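Trainee: What follows is the file run-v3.cif, containing mmCIF, C-alpha atoms:
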data_input
loop_
_atom_site.group_PDB
_atom_site.id
_atom_site.type_symbol
_atom_site.label_atom_id
_atom_site.label_comp_id
_atom_site.auth_asym_id
_atom_site.auth_seq_id
_atom_site.Cartn_x
_atom_site.Cartn_y
_atom_site.Cartn_z
ATOM 1 C CA MET A 67 -62.682 -68.502 -13.060
ATOM 2 C CA ASN A 68 -66.494 -68.360 -13.102
ATOM 3 C CA ASP A 69 -66.558 -66.737 -9.659
ATOM 4 C CA ASN A 70 -64.112 -64.030 -10.805
ATOM 5 C CA LEU A 71 -66.308 -63.133 -13.774
ATOM 6 C CA LEU A 72 -69.444 -63.044 -11.642
ATOM 7 C CA ALA A 73 -67.711 -60.682 -9.216
ATOM 8 C CA LEU A 74 -67.072 -58.050 -11.921
ATOM 9 C CA PRO A 75 -69.111 -54.829 -11.574
ATOM 10 C CA VAL A 76 -72.410 -54.794 -13.493
ATOM 11 C CA LEU A 77 -72.461 -52.089 -16.179
ATOM 12 C CA GLU A 78 -75.930 -52.829 -17.563
ATOM 13 C CA GLN A 79 -78.731 -55.242 -16.669
ATOM 14 C CA LEU A 80 -80.048 -56.603 -19.992
ATOM 15 C CA ALA A 81 -82.356 -59.197 -18.395
ATOM 16 C CA PRO A 82 -82.745 -60.757 -14.933
ATOM 17 C CA SER A 83 -80.088 -63.359 -15.840
ATOM 18 C CA VAL A 84 -77.936 -61.381 -18.333
ATOM 19 C CA THR A 85 -75.616 -58.459 -17.562
ATOM 20 C CA ARG A 86 -72.969 -56.460 -19.364
ATOM 21 C CA ARG A 87 -69.619 -56.296 -17.591
ATOM 22 C CA ARG A 88 -65.964 -55.694 -18.492
ATOM 23 C CA ILE A 89 -62.636 -57.302 -17.654
ATOM 24 C CA GLY A 90 -59.680 -55.165 -18.649
ATOM 25 C CA GLU A 91 -60.433 -53.886 -22.154
ATOM 26 C CA ILE A 92 -62.767 -56.772 -23.001
ATOM 27 C CA PRO A 93 -66.568 -56.306 -22.718
ATOM 28 C CA LEU A 94 -68.483 -59.362 -21.509
ATOM 29 C CA LEU A 95 -71.982 -60.700 -21.186
ATOM 30 C CA VAL A 96 -72.375 -62.653 -17.949
ATOM 31 C CA VAL A 97 -75.146 -65.194 -17.448
ATOM 32 C CA ASP A 98 -76.300 -65.983 -13.898
ATOM 33 C CA HIS A 99 -79.380 -68.183 -14.279
ATOM 34 C CA PRO A 100 -80.878 -70.763 -11.883
ATOM 35 C CA ARG A 101 -79.903 -73.529 -14.355
ATOM 36 C CA VAL A 102 -76.504 -72.260 -15.526
ATOM 37 C CA ARG A 103 -73.723 -69.718 -15.103
ATOM 38 C CA GLY A 104 -71.486 -68.541 -17.902
ATOM 39 C CA ALA A 105 -69.814 -65.670 -19.715
ATOM 40 C CA VAL A 106 -69.249 -64.641 -23.329
ATOM 41 C CA SER A 107 -66.681 -62.152 -24.594
ATOM 42 C CA VAL A 108 -67.973 -59.609 -27.105
ATOM 43 C CA GLN A 109 -64.533 -59.898 -28.700
ATOM 44 C CA GLY A 110 -64.808 -62.991 -30.853
ATOM 45 C CA ALA A 111 -68.306 -63.836 -29.579
ATOM 46 C CA GLN A 112 -66.233 -66.257 -27.543
ATOM 47 C CA LEU A 113 -67.802 -68.442 -24.888
ATOM 48 C CA LEU A 114 -65.508 -68.125 -21.872
ATOM 49 C CA SER A 115 -67.256 -70.216 -19.244
ATOM 50 C CA TRP A 116 -70.151 -72.642 -18.901
ATOM 51 C CA GLN A 117 -71.211 -74.241 -15.627
ATOM 52 C CA PRO A 118 -74.570 -75.991 -15.286
ATOM 53 C CA ALA A 119 -76.128 -75.807 -11.813
ATOM 54 C CA GLY A 120 -74.695 -78.478 -9.529
ATOM 55 C CA SER A 121 -71.703 -79.184 -11.797
ATOM 56 C CA ALA A 122 -68.066 -78.162 -11.896
ATOM 57 C CA PRO A 123 -67.057 -75.798 -14.740
ATOM 58 C CA GLY A 124 -67.055 -77.478 -18.131
ATOM 59 C CA LEU A 125 -64.510 -75.160 -19.758
ATOM 60 C CA TRP A 126 -61.016 -74.031 -18.836
ATOM 61 C CA LEU A 127 -60.144 -70.319 -18.860
ATOM 62 C CA GLY A 128 -56.632 -68.999 -18.274
ATOM 63 C CA GLU A 129 -55.927 -66.697 -15.340
ATOM 64 C CA ARG A 130 -52.968 -65.083 -17.127
ATOM 65 C CA ASN A 131 -54.968 -63.598 -19.984
ATOM 66 C CA ALA A 132 -53.984 -59.982 -20.637
ATOM 67 C CA TRP A 133 -57.585 -58.924 -21.403
ATOM 68 C CA VAL A 134 -56.286 -56.435 -23.966
ATOM 69 C CA ALA A 135 -58.440 -55.573 -26.986
ATOM 70 C CA GLY A 136 -57.251 -57.384 -30.106
ATOM 71 C CA THR A 137 -55.309 -60.009 -28.130
ATOM 72 C CA PRO A 138 -56.759 -63.547 -28.299
ATOM 73 C CA VAL A 139 -58.239 -64.876 -25.070
ATOM 74 C CA ARG A 140 -56.875 -68.293 -24.109
ATOM 75 C CA GLY A 141 -59.624 -70.599 -22.933
ATOM 76 C CA GLY A 142 -63.324 -71.185 -23.410
ATOM 77 C CA VAL A 143 -64.262 -71.765 -27.051
ATOM 78 C CA PRO A 144 -62.485 -69.420 -29.494
ATOM 79 C CA LEU A 145 -63.744 -69.454 -33.085
ATOM 80 C CA CYS A 146 -60.913 -69.894 -35.581
ATOM 81 C CA TRP A 147 -62.188 -68.377 -38.871
ATOM 82 C CA PRO A 148 -61.838 -67.793 -41.840
ATOM 83 C CA TRP A 149 -58.701 -69.879 -41.667
ATOM 84 C CA PHE A 150 -57.320 -72.422 -39.255
ATOM 85 C CA GLY A 151 -53.667 -72.369 -38.224
ATOM 86 C CA THR A 152 -50.818 -70.194 -39.429
ATOM 87 C CA VAL A 153 -51.597 -70.177 -43.158
ATOM 88 C CA ALA A 154 -52.159 -66.394 -42.919
ATOM 89 C CA LYS A 155 -51.994 -63.613 -40.341
ATOM 90 C CA PRO A 156 -53.348 -63.323 -37.757
ATOM 91 C CA SER A 157 -52.970 -66.953 -36.746
ATOM 92 C CA HIS A 158 -56.343 -68.745 -36.709
ATOM 93 C CA GLY A 159 -58.063 -65.840 -38.461
ATOM 94 C CA PHE A 160 -59.587 -62.570 -37.338
ATOM 95 C CA ALA A 161 -62.995 -63.689 -36.027
ATOM 96 C CA ARG A 162 -61.666 -64.260 -32.509
ATOM 97 C CA THR A 163 -59.996 -60.836 -32.177
ATOM 98 C CA LEU A 164 -62.731 -58.491 -33.456
ATOM 99 C CA ASP A 165 -65.735 -57.209 -31.526
ATOM 100 C CA TRP A 166 -69.094 -58.660 -32.587
ATOM 101 C CA ASP A 167 -72.558 -57.115 -32.286
ATOM 102 C CA LEU A 168 -75.073 -58.606 -29.874
ATOM 103 C CA VAL A 169 -78.158 -59.267 -31.991
ATOM 104 C CA SER A 170 -80.482 -60.727 -29.353
ATOM 105 C CA HIS A 171 -80.719 -62.369 -25.955
ATOM 106 C CA ASP A 172 -83.498 -64.649 -24.801
ATOM 107 C CA THR A 173 -84.100 -66.153 -21.376
ATOM 108 C CA THR A 174 -86.231 -69.235 -20.700
ATOM 109 C CA GLU A 175 -86.708 -71.476 -17.685
ATOM 110 C CA ASP A 176 -83.996 -73.759 -19.130
ATOM 111 C CA GLY A 177 -81.286 -71.162 -19.739
ATOM 112 C CA VAL A 178 -80.166 -68.306 -21.971
ATOM 113 C CA VAL A 179 -79.620 -67.905 -25.717
ATOM 114 C CA LEU A 180 -77.263 -65.210 -27.026
ATOM 115 C CA VAL A 181 -76.892 -64.344 -30.721
ATOM 116 C CA PHE A 182 -73.944 -62.358 -32.113
ATOM 117 C CA ARG A 183 -73.073 -61.098 -35.600
ATOM 118 C CA LEU A 184 -69.883 -60.035 -37.401
ATOM 119 C CA GLU A 185 -69.945 -58.532 -40.900
ATOM 120 C CA SER A 186 -67.267 -57.765 -43.456
ATOM 121 C CA SER A 187 -65.627 -54.349 -43.118
ATOM 122 C CA ASP A 188 -62.596 -52.446 -44.328
ATOM 123 C CA VAL A 189 -60.618 -54.149 -41.561
ATOM 124 C CA THR A 190 -61.591 -57.660 -42.641
ATOM 125 C CA ARG A 191 -61.264 -56.927 -46.388
ATOM 126 C CA ALA A 192 -57.649 -55.932 -45.845
ATOM 127 C CA LEU A 193 -57.052 -59.423 -44.443
ATOM 128 C CA TRP A 194 -59.481 -61.516 -46.518
ATOM 129 C CA PRO A 195 -61.108 -60.139 -49.699
ATOM 130 C CA HIS A 196 -64.629 -61.488 -49.250
ATOM 131 C CA GLU A 197 -68.012 -60.152 -48.179
ATOM 132 C CA PHE A 198 -69.589 -62.141 -45.360
ATOM 133 C CA THR A 199 -72.024 -62.210 -42.489
ATOM 134 C CA LEU A 200 -71.037 -64.444 -39.600
ATOM 135 C CA THR A 201 -73.639 -65.332 -36.965
ATOM 136 C CA THR A 202 -72.985 -67.239 -33.752
ATOM 137 C CA ARG A 203 -75.801 -68.580 -31.564
ATOM 138 C CA ILE A 204 -74.769 -69.658 -28.049
ATOM 139 C CA THR A 205 -77.217 -71.666 -25.940
ATOM 140 C CA LEU A 206 -76.353 -72.037 -22.260
ATOM 141 C CA GLY A 207 -78.228 -74.449 -20.058
ATOM 142 C CA GLU A 208 -77.790 -78.018 -18.858
ATOM 143 C CA THR A 209 -76.112 -78.488 -22.226
ATOM 144 C CA CYS A 210 -74.063 -75.939 -24.128
ATOM 145 C CA GLY A 211 -74.607 -75.332 -27.827
ATOM 146 C CA ILE A 212 -72.672 -73.179 -30.289
ATOM 147 C CA GLU A 213 -73.928 -72.722 -33.860
ATOM 148 C CA VAL A 214 -71.911 -70.733 -36.389
ATOM 149 C CA GLU A 215 -73.422 -69.673 -39.724
ATOM 150 C CA ALA A 216 -71.211 -68.099 -42.400
ATOM 151 C CA GLY A 217 -73.139 -66.298 -45.135
ATOM 152 C CA GLY A 218 -71.811 -64.932 -48.416
ATOM 153 C CA GLU A 219 -69.891 -66.535 -51.270
ATOM 154 C CA HIS A 220 -66.555 -67.909 -50.110
ATOM 155 C CA ARG A 221 -64.547 -70.897 -48.889
ATOM 156 C CA SER A 222 -63.054 -70.978 -45.417
ATOM 157 C CA THR A 223 -61.520 -73.288 -42.864
ATOM 158 C CA ALA A 224 -62.591 -73.122 -39.244
ATOM 159 C CA ALA A 225 -62.578 -74.677 -35.808
ATOM 160 C CA LEU A 226 -64.395 -74.287 -32.526
ATOM 161 C CA HIS A 227 -61.256 -74.534 -30.383
ATOM 162 C CA THR A 228 -62.813 -75.949 -27.202
ATOM 163 C CA TYR A 229 -60.680 -75.855 -24.032
ATOM 164 C CA LEU A 230 -62.161 -78.530 -21.767
ATOM 165 C CA GLN A 231 -61.431 -78.420 -18.043
ATOM 166 C CA ILE A 232 -59.735 -81.673 -16.970
ATOM 167 C CA GLY A 233 -58.413 -82.907 -13.645
ATOM 168 C CA ALA A 234 -54.962 -83.944 -14.864
ATOM 169 C CA LEU A 235 -53.240 -84.396 -18.216
ATOM 170 C CA GLY A 236 -52.668 -88.102 -18.750
ATOM 171 C CA GLU A 237 -55.886 -88.995 -16.916
ATOM 172 C CA ALA A 238 -58.347 -87.968 -19.641
ATOM 173 C CA GLU A 239 -59.070 -90.213 -22.627
ATOM 174 C CA VAL A 240 -60.611 -88.841 -25.823
ATOM 175 C CA SER A 241 -62.669 -91.389 -27.787
ATOM 176 C CA GLY A 242 -64.814 -91.216 -30.906
ATOM 177 C CA LEU A 243 -61.981 -89.809 -32.980
ATOM 178 C CA GLY A 244 -61.904 -92.281 -35.842
ATOM 179 C CA LYS A 245 -59.097 -94.572 -36.929
ATOM 180 C CA HIS A 246 -56.802 -92.276 -38.903
ATOM 181 C CA TYR A 247 -55.023 -89.065 -37.931
ATOM 182 C CA ARG A 248 -52.408 -86.608 -39.101
ATOM 183 C CA ASP A 249 -49.719 -85.941 -36.491
ATOM 184 C CA ASN A 250 -48.697 -82.333 -37.119
ATOM 185 C CA LEU A 251 -45.758 -82.560 -34.721
ATOM 186 C CA LEU A 252 -44.165 -85.492 -36.555
ATOM 187 C CA ALA A 253 -45.585 -84.552 -39.994
ATOM 188 C CA THR A 254 -46.719 -88.152 -40.385
ATOM 189 C CA ASP A 255 -49.993 -90.033 -40.766
ATOM 190 C CA GLY A 256 -51.010 -92.596 -38.182
ATOM 191 C CA SER A 257 -53.836 -94.948 -37.332
ATOM 192 C CA ASP A 258 -55.365 -96.414 -34.209
ATOM 193 C CA ALA A 259 -58.093 -99.021 -34.512
ATOM 194 C CA GLY A 260 -59.506 -97.917 -31.153
ATOM 195 C CA GLY A 261 -60.145 -94.337 -32.236
ATOM 196 C CA ALA A 262 -59.039 -93.026 -28.842
ATOM 197 C CA VAL A 263 -56.054 -91.279 -27.278
ATOM 198 C CA THR A 264 -54.963 -90.332 -23.750
ATOM 199 C CA PRO A 265 -52.633 -87.337 -24.191
ATOM 200 C CA ALA A 266 -49.840 -87.005 -21.642
ATOM 201 C CA ASP A 267 -47.581 -84.473 -23.394
ATOM 202 C CA HIS A 268 -47.534 -82.118 -26.369
ATOM 203 C CA ILE A 269 -50.074 -83.337 -28.929
ATOM 204 C CA GLU A 270 -51.424 -81.881 -32.166
ATOM 205 C CA ARG A 271 -53.423 -84.388 -34.181
ATOM 206 C CA VAL A 272 -56.076 -83.863 -36.847
ATOM 207 C CA TYR A 273 -58.584 -86.714 -37.168
ATOM 208 C CA PRO A 274 -60.302 -86.576 -40.601
ATOM 209 C CA GLU A 275 -62.838 -89.383 -39.989
ATOM 210 C CA PRO A 276 -64.295 -88.622 -36.553
ATOM 211 C CA ASP A 277 -67.476 -89.995 -35.080
ATOM 212 C CA GLU A 278 -70.362 -87.560 -34.748
ATOM 213 C CA VAL A 279 -69.791 -87.591 -30.987
ATOM 214 C CA SER A 280 -66.477 -87.573 -29.125
ATOM 215 C CA VAL A 281 -66.221 -88.289 -25.404
ATOM 216 C CA VAL A 282 -63.566 -87.150 -22.945
ATOM 217 C CA THR A 283 -63.524 -89.565 -20.015
ATOM 218 C CA ASP A 284 -61.811 -87.808 -17.128
ATOM 219 C CA ARG A 285 -60.682 -90.214 -14.433
ATOM 220 C CA ALA A 286 -59.280 -87.432 -12.229
ATOM 221 C CA LEU A 287 -62.556 -85.473 -12.099
ATOM 222 C CA GLY A 288 -64.748 -88.570 -12.232
ATOM 223 C CA ARG A 289 -66.827 -87.339 -15.148
ATOM 224 C CA ALA A 290 -67.161 -87.456 -18.909
ATOM 225 C CA VAL A 291 -67.706 -84.630 -21.381
ATOM 226 C CA GLU A 292 -69.680 -85.459 -24.523
ATOM 227 C CA ILE A 293 -68.937 -83.310 -27.572
ATOM 228 C CA ALA A 294 -71.394 -83.641 -30.453
ATOM 229 C CA HIS A 295 -69.885 -82.230 -33.651
ATOM 230 C CA HIS A 296 -72.266 -80.611 -36.153
ATOM 231 C CA GLY A 297 -71.107 -80.082 -39.716
ATOM 232 C CA ALA A 298 -67.502 -81.042 -38.907
ATOM 233 C CA SER A 299 -65.040 -82.785 -41.201
ATOM 234 C CA ASP A 300 -62.283 -83.067 -38.602
ATOM 235 C CA VAL A 301 -61.627 -83.205 -34.884
ATOM 236 C CA ILE A 302 -58.361 -81.727 -33.626
ATOM 237 C CA VAL A 303 -56.800 -82.781 -30.312
ATOM 238 C CA TRP A 304 -54.262 -80.334 -28.867
ATOM 239 C CA ASN A 305 -52.282 -79.681 -25.727
ATOM 240 C CA PRO A 306 -49.003 -77.697 -25.685
ATOM 241 C CA GLY A 307 -47.193 -79.922 -23.203
ATOM 242 C CA PRO A 308 -44.708 -78.498 -20.679
ATOM 243 C CA GLU A 309 -41.962 -77.260 -23.030
ATOM 244 C CA LEU A 310 -44.181 -75.268 -25.386
ATOM 245 C CA ALA A 311 -46.331 -74.019 -22.506
ATOM 246 C CA ALA A 312 -43.224 -72.657 -20.748
ATOM 247 C CA GLY A 313 -42.759 -70.193 -23.607
ATOM 248 C CA MET A 314 -46.368 -68.995 -23.644
ATOM 249 C CA ALA A 315 -46.856 -65.825 -21.617
ATOM 250 C CA ASP A 316 -50.546 -66.496 -20.961
ATOM 251 C CA LEU A 317 -49.938 -69.905 -19.339
ATOM 252 C CA THR A 318 -48.537 -70.794 -15.922
ATOM 253 C CA ASP A 319 -46.236 -73.790 -15.505
ATOM 254 C CA GLU A 320 -49.213 -75.888 -14.378
ATOM 255 C CA ASP A 321 -51.970 -74.694 -16.709
ATOM 256 C CA HIS A 322 -51.382 -77.239 -19.488
ATOM 257 C CA LEU A 323 -52.086 -80.033 -16.994
ATOM 258 C CA HIS A 324 -55.684 -78.876 -16.554
ATOM 259 C CA PHE A 325 -57.043 -78.434 -20.080
ATOM 260 C CA LEU A 326 -57.421 -80.500 -23.188
ATOM 261 C CA CYS A 327 -58.515 -79.020 -26.506
ATOM 262 C CA VAL A 328 -60.929 -81.149 -28.532
ATOM 263 C CA GLU A 329 -61.817 -79.005 -31.523
ATOM 264 C CA THR A 330 -64.762 -79.270 -33.891
ATOM 265 C CA GLY A 331 -63.251 -78.377 -37.242
ATOM 266 C CA ARG A 332 -63.450 -77.945 -40.978
ATOM 267 C CA VAL A 333 -59.789 -78.216 -41.938
ATOM 268 C CA ASN A 334 -59.377 -80.894 -44.605
ATOM 269 C CA THR A 335 -62.778 -80.108 -46.108
ATOM 270 C CA PRO A 336 -63.355 -76.325 -46.194
ATOM 271 C CA LEU A 337 -66.673 -74.690 -45.483
ATOM 272 C CA GLU A 338 -68.355 -73.460 -48.672
ATOM 273 C CA ALA A 339 -70.897 -70.650 -48.529
ATOM 274 C CA ALA A 340 -73.038 -69.592 -51.491
ATOM 275 C CA PRO A 341 -75.898 -67.090 -51.859
ATOM 276 C CA GLY A 342 -78.878 -68.528 -50.014
ATOM 277 C CA ARG A 343 -76.791 -71.422 -48.715
ATOM 278 C CA PRO A 344 -74.700 -70.446 -45.686
ATOM 279 C CA ALA A 345 -71.976 -72.701 -44.303
ATOM 280 C CA LEU A 346 -72.668 -74.213 -40.879
ATOM 281 C CA LEU A 347 -70.512 -75.497 -38.046
ATOM 282 C CA GLY A 348 -71.462 -76.251 -34.460
ATOM 283 C CA LEU A 349 -71.161 -78.320 -31.331
ATOM 284 C CA THR A 350 -73.096 -79.432 -28.274
ATOM 285 C CA LEU A 351 -71.408 -80.104 -24.921
ATOM 286 C CA ARG A 352 -72.865 -82.289 -22.197
ATOM 287 C CA LEU A 353 -71.410 -83.244 -18.801
ATOM 288 C CA LEU A 354 -71.952 -86.843 -17.714
ATOM 289 C CA PRO A 355 -70.851 -89.109 -14.842
ATOM 290 C CA ALA A 356 -67.745 -91.076 -15.805
#
Could you show the structure in this file as structure tokens?

Mentor:
Amino acid sequence: MNDNLLALPVLEQLAPSVTRRRIGEIPLLVVDHPRVRGAVSVQGAQLLSWQPAGSAPGLWLGERNAWVAGTPVRGGVPLCWPWFGTVAKPSHGFARTLDWDLVSHDTTEDGVVLVFRLESSDVTRALWPHEFTLTTRITLGETCGIEVEAGGEHRSTAALHTYLQIGALGEAEVSGLGKHYRDNLLATDGSDAGGAVTPADHIERVYPEPDEVSVVTDRALGRAVEIAHHGASDVIVWNPGPELAAGMADLTDEDHLHFLCVETGRVNTPLEAAPGRPALLGLTLRLLPA
């Protein structure tokens, strides 16, 4: 998908390595730097793609996205905030479906840093009665970093819903998850002394005692993806499996075989923001030989 985004017409050159473009109704910032290529949607300040020089893409992005304003984009790293799941509407909150403001962009020899901001408005107050300032800092280079800062006075749940590109479902093991988990499909609690799982079908597990770093070892692609979780209380592992995926208009019959979601979350322990003390959540991705 990276090549498709790079082929979009340039609307504005912000810097030698940063351009404004558009796909459908969704405005984008595209990064084409000697060390990294990538793209971020202004809607949701959502990282869509990240590909360090000499590497295969690190993130999966769906080719059946409608690219319609207000419709969530499947793939990359959506930000679920100020709630996670279906506890309110829209599902997974409004942060991923609203346009953010680009605050700054900075280019160095190592890559590009983009900073976005979303503030409370009449639209958000109708959905969630709190004042807030949400800032996302995305660092693209050999590694990929996302830092989210939620200012104001409120409690929220959240997740960085990372869609990792994998070679084949059933060939990618996720480790560093911790012993205990909640299986949302079975509505039961489980444990695994190894703290690892190799999903081969529909999975939706919340791990409340994760390690600071999870690793996806992908035998099909011959690589590993290291996910360092910053400020997380949970890691969520999700894949829709074939039956659920068949009913999702933005997925092909084969798409679920090529991504695995390993999410950096605050689900069981909400984020708490207070004046002068913003809530923080983040991650760092690194591609490694398997």

Trainee: In Å, with one decimal, what is the gap from atom CA of Arg332 of chain A to atom CA of Leu243 of chain A?

Mentor: 14.4 Å

Trainee: Using only C-alpha atoms, find the one residue out of A:Asp319, A:Asp98, A:Asp188, A:Glu213 that sits nearest to Leu346 of chain A.

Mentor: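 Of all the options, A:Glu213 lies closest to Leu346 of chain A.
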
Trainee: For the file shown, report as a list in words the outcome of the PyMOL selection byres ((chain A and resi 68-70) around 9) at residue level.

Mentor: Met67, Leu71, Leu72, Ala73, Leu74, Arg103, Gly104, Ala105, Leu114, Ser115, Trp116, Gln117, Pro123 and Leu127 of chain A

Trainee: Identify all residues satisfying the PyMOL selection byres ((chain A and resi 305) around 8) in the given file; provide them as a VMD selection string.

Mentor: chain A and resid 265 267 to 270 303 to 304 306 to 307 322 325 to 327

Trainee: Given the PyMOL selection byres ((chain A and resi 91) around 7) and the file above, list the residues it selects as a list of chain:residue names.

Mentor: A:Arg88, A:Ile89, A:Gly90, A:Ile92, A:Pro93, A:Trp133, A:Val134, A:Ala135

Trainee: Find the spatial neighbours of Gly128 of chain A, counting all atoms listed in the file, within a cut-off of 9 Å - ignore same-chain residues fewer than 5 positions away - and output them as a ChimeraX atom specification.

Mentor: /A:67,139-142,316-318,321

Trainee: Could those residues be written to a file, using C-alpha atoms, as a tab-separated table (two decimals), in the coordinates of the input?

Mentor:
chain	number	residue	atom	x	y	z
A	67	MET	CA	-62.68	-68.50	-13.06
A	139	VAL	CA	-58.24	-64.88	-25.07
A	140	ARG	CA	-56.88	-68.29	-24.11
A	141	GLY	CA	-59.62	-70.60	-22.93
A	142	GLY	CA	-63.32	-71.18	-23.41
A	316	ASP	CA	-50.55	-66.50	-20.96
A	317	LEU	CA	-49.94	-69.90	-19.34
A	318	THR	CA	-48.54	-70.79	-15.92
A	321	ASP	CA	-51.97	-74.69	-16.71

Trainee: I want to know what sits within 12 Å of Glu78 of chain A, based on all atoms listed in the file, with residues of the same chain fewer than 2 positions away left out; could you give that as a list of chain:residue names?

Mentor: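 Selected residues are A:Leu74, A:Pro75, A:Val76, A:Leu80, A:Ala81, A:Pro82, A:Ser83, A:Val84, A:Thr85, A:Arg86, A:Arg87, A:Arg88, A:Pro93, A:Leu94, A:Leu95, A:Val96.
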
Trainee: In terms of the shortest atom-to-atom distance over only C-alpha atoms, which of A:Val189, A:Ala286, A:Val333, A:Leu230 is closest to Tyr273 of chain A?

Mentor: A:Val333

Trainee: Which residue, A:Thr190, A:Thr152, A:Gln231, A:Thr205, has the smallest gap to Thr174 of chain A when you use all atoms listed in the file?

Mentor: A:Thr205

Trainee: Using all atoms listed in the file, find the one residue out of A:Ala238, A:Ala312, A:Ile212, A:Val291 that sits nearest to Leu349 of chain A.

Mentor: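 Residue with the minimum atom-to-atom distance to Leu349 of chain A: A:Ile212.
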
Trainee: Put the listed atoms of segment 112-125 of chain A in a box along x, y and z with 8 Å added on every side and give me the centre and edge lengths in Å to one decimal, as lines of an AutoDock Vina configuration file.

Mentor:
center_x = -70.3
center_y = -72.7
center_z = -18.5
size_x = 27.6
size_y = 28.9
size_z = 34.0

Trainee: Show me, as a VMD selection string, the residues that have an atom within 8 Å of Val279 of chain A when counting all atoms listed in the file, minus same-chain residues fewer than 3 positions from it.

Mentor: chain A and resid 242 276 292 to 295

Trainee: So which one's closest to Arg203 of chain A, A:Asp249, A:Asp258, A:Asp176, A:Asp167? Using all atoms listed in the file, please.

Mentor: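 Selected residue with least distance to Arg203 of chain A: A:Asp167.
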
Trainee: Taking into account only C-alpha atoms, which residue in the set A:Pro195, A:Gly217, A:Gly261, A:Gly110 is nearest to Val240 of chain A?

Mentor: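 Closest to Val240 of chain A of all the choices is A:Gly261.
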
Trainee: Quick check, in Å to one decimal: how far apart do atom CA of Phe150 of chain A and atom CA of Thr330 of chain A lie?

Mentor: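 So the two atoms, atom CA of Phe150 of chain A and atom CA of Thr330 of chain A, lie 11.4 Å apart.
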
Trainee: Could you pull the residues within 7 Å of His227 of chain A, counting all atoms listed in the file, minus those fewer than 6 positions along the same chain, as a ChimeraX atom specification?

Mentor: /A:143-146,327-330

Trainee: Atom CA of Pro355 of chain A to atom CA of Arg289 of chain A: how many Å, to one decimal?

Mentor: 4.4 Å

Trainee: Enumerate, as a list of chain:residue names, the protein, DNA and RNA residues whose atoms approach (-66.6, -67.1, -31.0) to within 9 Å, taking into account all atoms listed in the file and the coordinate frame of the file.

Mentor: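 These residues have at least one counted atom within 9 Å: A:Val106, A:Ser107, A:Val108, A:Gln109, A:Gly110, A:Ala111, A:Gln112, A:Leu113, A:Val143, A:Pro144, A:Leu145, A:Cys146, A:Ala161, A:Arg162, A:Trp166, A:Phe182, A:Thr202, A:Ile212, A:Val214, A:Leu226.
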
Trainee: Skipping near chain neighbours, those fewer than 2 positions away, what residues fall within 10 Å of Arg352 of chain A using all atoms listed in the file, listed as a PyMOL selection string?

Mentor: chain A and resi 118+124+207-211+281+290-294+350+354
